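Accompanying notes for the structure given below.
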Amino acid sequence: MSKDPAPRKIQIMQTLASMLEEREPVKITTAELAKRTNITEAAIYRHFPSKRKIYEELVIFFEDSIFPRISSIKKDSNVDDVAGNIVTLVLTFCEKNKGISKILNREALSVNESKIEDKVSLLFDKINLEIKQSFQNYEKETKGRLSLSSSSASDLIVSCMEGQIQMFVRSKFKRDVIQSWTEHWKVLKKTIFI
């Protein structure tokens, strides 16, 4: 009977994410990863052909965690709260998965991980689209207006979200980004919805 590879694969991903959480920068090498997971480098390469692939799997984990919940937010939230709730969801995820925050703000990525950077950019574009659609739905359902176009409003919200992630990482994960975002959203909501 063969051992299920998923737990070992998850252990490797969790270890890499926890290494990214450390206050002092750590050089992420497969040797260090092997040492911390208590497995051989060869075993790591059996699960992941490269370090880049581990980063990619962490981005996929983020995507798989966020987008089903965004669908729920769209169904369960007031139409003028959808955008704010999406950002709250992403920031909550970042607070619980600090290492992945460094991937999302690209701090953990080197020149060799440009494909991961493209994947992260695509993710933010998808989040932007969800927020833009929420603004369009607001206008359609309420016949209300926005103070700026739905595209500009969604760009503003995503910029704020990325800024919150950046501040969280820069503060070495000390900053309370949810509270900060909640205060910002109150102001932004009054500004966007007229």
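Residues in the structure tokens are numbered from 1 in each chain, the chains being A, B, ... in the order shown, and ligands are numbered from 1 in the order shown.
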Per residue of stretch 148-173 of chain A within 12 Å of stretch 108-126 of chain A, record the nearest atom pair and its distance in Å to one decimal, counting only C-alpha atoms, with rows in chain order and ascending residue number, as a Markdown table.
| residue | atom | partner | partner_atom | distance |
| --- | --- | --- | --- | --- |
| A:Ser151 | CA | A:Asp125 | CA | 11.4 |
| A:Ser154 | CA | A:Asp125 | CA | 10.1 |
| A:Asp155 | CA | A:Asp125 | CA | 9.4 |
| A:Ile157 | CA | A:Phe124 | CA | 11.2 |
| A:Val158 | CA | A:Phe124 | CA | 7.6 |
| A:Ser159 | CA | A:Phe124 | CA | 9.8 |
| A:Met161 | CA | A:Phe124 | CA | 9.8 |
| A:Glu162 | CA | A:Phe124 | CA | 8.8 |
| A:Val169 | CA | A:Ala108 | CA | 10.5 |
For this session: Point out the residue among A:Lys53, A:Lys190, A:Lys98, A:Lys140 with the least atom-to-atom distance to A:Ser171, counting only C-alpha atoms.
Result: A:Lys98
Problem set entry | Selected residue, from A:Glu130, A:Asp76, A:Asp81, A:Glu32, that lies nearest to A:Thr15 when counting only C-alpha atoms |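 The answer is A:Glu32, which sits nearest to A:Thr15.
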Problem set entry | Test item: residues at most 12 Å from A:Lys174, only C-alpha atoms, excluding those fewer than 6 positions along its chain, as a VMD selection string | chain A and resid 21 23 95 98 165 to 168
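The shortest atom-to-atom distance to A:Thr40, with only C-alpha atoms taken into account, belongs to A:Ile12 out of A:Leu89, A:Ile12, A:Cys94, A:Ile100.
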For this session: Do a neighbour search on A:Ile73 at 12 Å with only C-alpha atoms, toss out local chain neighbours closer than 4 positions, and write the hits as a list in words.
Result: Ile66, Phe67, Pro68, Arg69, Ser77, Asn78, Val79, Asp80, Asp81, Val82, Ala83, Gly84, Asn85, Ile86, Val87, Thr88, Leu89, Val90, Glu130, Ile131 and Ser134 of chain A
Give me a file of those residues, with N, CA and C atoms, as a PDB file, in the first residue's frame.
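Dumped to again.pdb:
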ATOM      1  N   ILE A  66     -10.280  31.670  -1.984  1.00  0.00           N
ATOM      2  CA  ILE A  66     -10.944  32.974  -2.087  1.00  0.00           C
ATOM      3  C   ILE A  66     -12.164  32.969  -3.006  1.00  0.00           C
ATOM      4  N   PHE A  67     -12.040  32.448  -4.198  1.00  0.00           N
ATOM      5  CA  PHE A  67     -13.097  32.657  -5.182  1.00  0.00           C
ATOM      6  C   PHE A  67     -14.432  31.967  -4.869  1.00  0.00           C
ATOM      7  N   PRO A  68     -14.454  30.770  -4.278  1.00  0.00           N
ATOM      8  CA  PRO A  68     -15.761  30.241  -3.866  1.00  0.00           C
ATOM      9  C   PRO A  68     -16.427  31.130  -2.803  1.00  0.00           C
ATOM     10  N   ARG A  69     -15.617  31.717  -1.935  1.00  0.00           N
ATOM     11  CA  ARG A  69     -16.169  32.597  -0.901  1.00  0.00           C
ATOM     12  C   ARG A  69     -16.657  33.913  -1.499  1.00  0.00           C
ATOM     13  N   SER A  77     -24.449  39.233   0.609  1.00  0.00           N
ATOM     14  CA  SER A  77     -24.196  40.599   1.092  1.00  0.00           C
ATOM     15  C   SER A  77     -25.143  41.594   0.446  1.00  0.00           C
ATOM     16  N   ASN A  78     -25.371  42.715   1.131  1.00  0.00           N
ATOM     17  CA  ASN A  78     -26.059  43.831   0.499  1.00  0.00           C
ATOM     18  C   ASN A  78     -25.218  44.263  -0.690  1.00  0.00           C
ATOM     19  N   VAL A  79     -25.867  44.690  -1.748  1.00  0.00           N
ATOM     20  CA  VAL A  79     -25.163  44.991  -2.993  1.00  0.00           C
ATOM     21  C   VAL A  79     -24.114  46.093  -2.817  1.00  0.00           C
ATOM     22  N   ASP A  80     -24.315  47.003  -1.860  1.00  0.00           N
ATOM     23  CA  ASP A  80     -23.321  48.064  -1.660  1.00  0.00           C
ATOM     24  C   ASP A  80     -22.213  47.651  -0.683  1.00  0.00           C
ATOM     25  N   ASP A  81     -22.273  46.437  -0.163  1.00  0.00           N
ATOM     26  CA  ASP A  81     -21.230  45.934   0.738  1.00  0.00           C
ATOM     27  C   ASP A  81     -20.331  44.888   0.093  1.00  0.00           C
ATOM     28  N   VAL A  82     -20.678  44.442  -1.110  1.00  0.00           N
ATOM     29  CA  VAL A  82     -19.939  43.344  -1.748  1.00  0.00           C
ATOM     30  C   VAL A  82     -18.455  43.684  -1.898  1.00  0.00           C
ATOM     31  N   ALA A  83     -18.146  44.848  -2.446  1.00  0.00           N
ATOM     32  CA  ALA A  83     -16.739  45.216  -2.676  1.00  0.00           C
ATOM     33  C   ALA A  83     -15.960  45.230  -1.366  1.00  0.00           C
ATOM     34  N   GLY A  84     -16.510  45.865  -0.355  1.00  0.00           N
ATOM     35  CA  GLY A  84     -15.833  45.926   0.948  1.00  0.00           C
ATOM     36  C   GLY A  84     -15.658  44.557   1.570  1.00  0.00           C
ATOM     37  N   ASN A  85     -16.666  43.700   1.417  1.00  0.00           N
ATOM     38  CA  ASN A  85     -16.580  42.348   1.980  1.00  0.00           C
ATOM     39  C   ASN A  85     -15.556  41.482   1.245  1.00  0.00           C
ATOM     40  N   ILE A  86     -15.407  41.699  -0.061  1.00  0.00           N
ATOM     41  CA  ILE A  86     -14.386  40.957  -0.812  1.00  0.00           C
ATOM     42  C   ILE A  86     -12.994  41.330  -0.294  1.00  0.00           C
ATOM     43  N   VAL A  87     -12.761  42.622  -0.107  1.00  0.00           N
ATOM     44  CA  VAL A  87     -11.457  43.058   0.399  1.00  0.00           C
ATOM     45  C   VAL A  87     -11.237  42.524   1.816  1.00  0.00           C
ATOM     46  N   THR A  88     -12.267  42.564   2.650  1.00  0.00           N
ATOM     47  CA  THR A  88     -12.146  42.017   4.011  1.00  0.00           C
ATOM     48  C   THR A  88     -11.768  40.543   3.958  1.00  0.00           C
ATOM     49  N   LEU A  89     -12.376  39.799   3.051  1.00  0.00           N
ATOM     50  CA  LEU A  89     -12.062  38.378   2.879  1.00  0.00           C
ATOM     51  C   LEU A  89     -10.584  38.186   2.529  1.00  0.00           C
ATOM     52  N   VAL A  90     -10.100  38.934   1.557  1.00  0.00           N
ATOM     53  CA  VAL A  90      -8.701  38.790   1.125  1.00  0.00           C
ATOM     54  C   VAL A  90      -7.752  39.156   2.263  1.00  0.00           C
ATOM     55  N   GLU A 130     -14.356  41.097 -10.180  1.00  0.00           N
ATOM     56  CA  GLU A 130     -15.465  40.784  -9.272  1.00  0.00           C
ATOM     57  C   GLU A 130     -15.982  42.063  -8.600  1.00  0.00           C
ATOM     58  N   ILE A 131     -15.067  42.929  -8.194  1.00  0.00           N
ATOM     59  CA  ILE A 131     -15.459  44.178  -7.533  1.00  0.00           C
ATOM     60  C   ILE A 131     -16.146  45.108  -8.536  1.00  0.00           C
ATOM     61  N   SER A 134     -19.559  44.021  -9.007  1.00  0.00           N
ATOM     62  CA  SER A 134     -20.412  44.352  -7.859  1.00  0.00           C
ATOM     63  C   SER A 134     -20.905  45.793  -7.963  1.00  0.00           C
TER      64      SER A 134
END
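Atom pair atom CA of A:Arg36 / atom CA of A:Glu63: separated by 26.0 Å.
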